[in-house]
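Step one of this worksheet: look at the structure below.
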Amino acid sequence: MGAWGAGVALRAFCRAGFSAPRGHQFGGVGLPRRIAFINEKGGSAKTTLVANLAVHLALHRGRRVLALDMDPQGQLARALGVELSAGGPSAVDLLLDELLDDASLDRASTARGTLPRVATRIRGLDLVGANKALGLAGAADPAGDEATARLARSLDALFESEDYDLLLIDAPPSFGPLTLNVLRAVHEVVIPVPLTFLGLDGCAALLRTIATVRTRYSNPSLRITMVIPTFYRRTRMAHEMLERLKARFPKELAHTVLGYHVKIDEAQSRGQSIIEYAPNDRGSKAFAALAEELELRSPENGAQA
């Protein structure tokens, strides 16, 4: 991933000082907001967004956040500086049931009925990490109704006794059973879009997938909460792509564009978020603005999809 992250203001953003009360009923009684960060094209900065927004929301806004990695590459744990033990609890535990042979996935037994989470060094932020076994779980099943509803069923059951305000999911960068599991399990989608031609192409493919999930897979309330332009540079191509995004997503487009900044790469090389590594950097301030906007766009605040 290139060095990026400088925040570029598109227009003035109203600082409303929004603060959701604890126990906020996002999406249902006792349930957190479930938000997937997804683009069917890789390299859109979704892992970096999930990691840094999760840290800011927990560290500076007092939220209880669960970050869930559904990408078999397992980069989210590295971005958060978490060392996952081999065979330990991971996202694959949320997909396995009696229909699968657990041993074939080289997985240590995990107690059923509990979230396969680990604590991070940030108070209020927990992680469900991923590894290559998650890819095997996705390949083991057809993309049928039963196979792609497992994550939703697990989260419905396990969140009944949990006190999280937000669930942020790092989705896989391609279409398949894992992506369908994610989209059937969430209420909201955040789409990071790199300001390149191929980035917009991946966004178009995702919109078709979301439409399919709303109808065929019985998730009609699935909404696009925010579209975040990433990898901004002062080029004619980037400006043209940004204008196209504005035209296509006049309500959903984020008020902050993420550009390139070396501090984000430096932070990730040390297993830290830029929020911790360089709190006064422009990139850190851009994530703070995005975190505030994400909360302002809560369905409870009447944000329009």
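Residue numbers start at 1 in each chain; chains themselves are named A, B, ... in the order of the structure tokens; ligands are numbered from 1 in the order shown.
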Exercise for review: Would you list the contacts of Leu76 in chain A as a PyMOL selection string, taking every protein, DNA or RNA residue within 12 Å and counting only C-alpha atoms, but skipping same-chain residues closer than 6 positions in sequence?
Suggested key: chain A and resi 45-52+54-55+66-70+82-84+90-91+120+126-131+168-172+268+271-273
Check your understanding: So which residues of range 131-271 of chain A fall under alpha helix (DSSP H) by DSSP, listed as number ranges by chain?
Key -> A: 132-139, 150-158, 177-185, 197-215, 236-248, 262-269
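With distances restricted to only C-alpha atoms, A:Ala133 is the closest residue to Gly87 in chain A from A:Ala133, A:Ile122, A:Ala58, A:Met226.
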Practice item. Using only C-alpha atoms, determine which residues lie at most 7 Å from Leu222 in chain A, disregarding the query and same-chain residues fewer than 6 positions distant; provide the list as a ChimeraX atom specification. Key: /A:187-188,214
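Excluding Ala204 in chain A itself and same-chain residues fewer than 2 positions from it, the residues having an atom within 12 Å of it are A:Asn39, A:Glu40, A:Lys41, A:Ile191, A:Val193, A:Phe197, A:Leu198, A:Gly199, A:Leu200, A:Asp201, A:Gly202, A:Leu206, A:Leu207, A:Arg208, A:Thr209, A:Ile210, A:Ala211, A:Arg244, A:Leu245, A:Arg248, A:Phe249, counting only C-alpha atoms.
When only C-alpha atoms are used to compute distances to Ser298 in chain A, the closest of the residues A:Leu80, A:Ala152, A:Val92, A:Val190 turns out to be A:Val190.
Nearest residue to Asp265 in chain A among A:Leu96, A:Ala79, A:Leu136, A:Ala185 is A:Ala79, counting only C-alpha atoms.
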Practice item. Step one, run DSSP on the backbone; step two, keep only residues of range 225-293 of chain A assigned to strand (DSSP E); then write them as a ChimeraX atom specification. Key: /A:225-230,256-260
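Shortest separation to Leu94 in chain A among A:Ala291, A:Leu125, A:Leu155, A:Leu59 occurs at residue A:Leu155, atoms counted being only C-alpha atoms.
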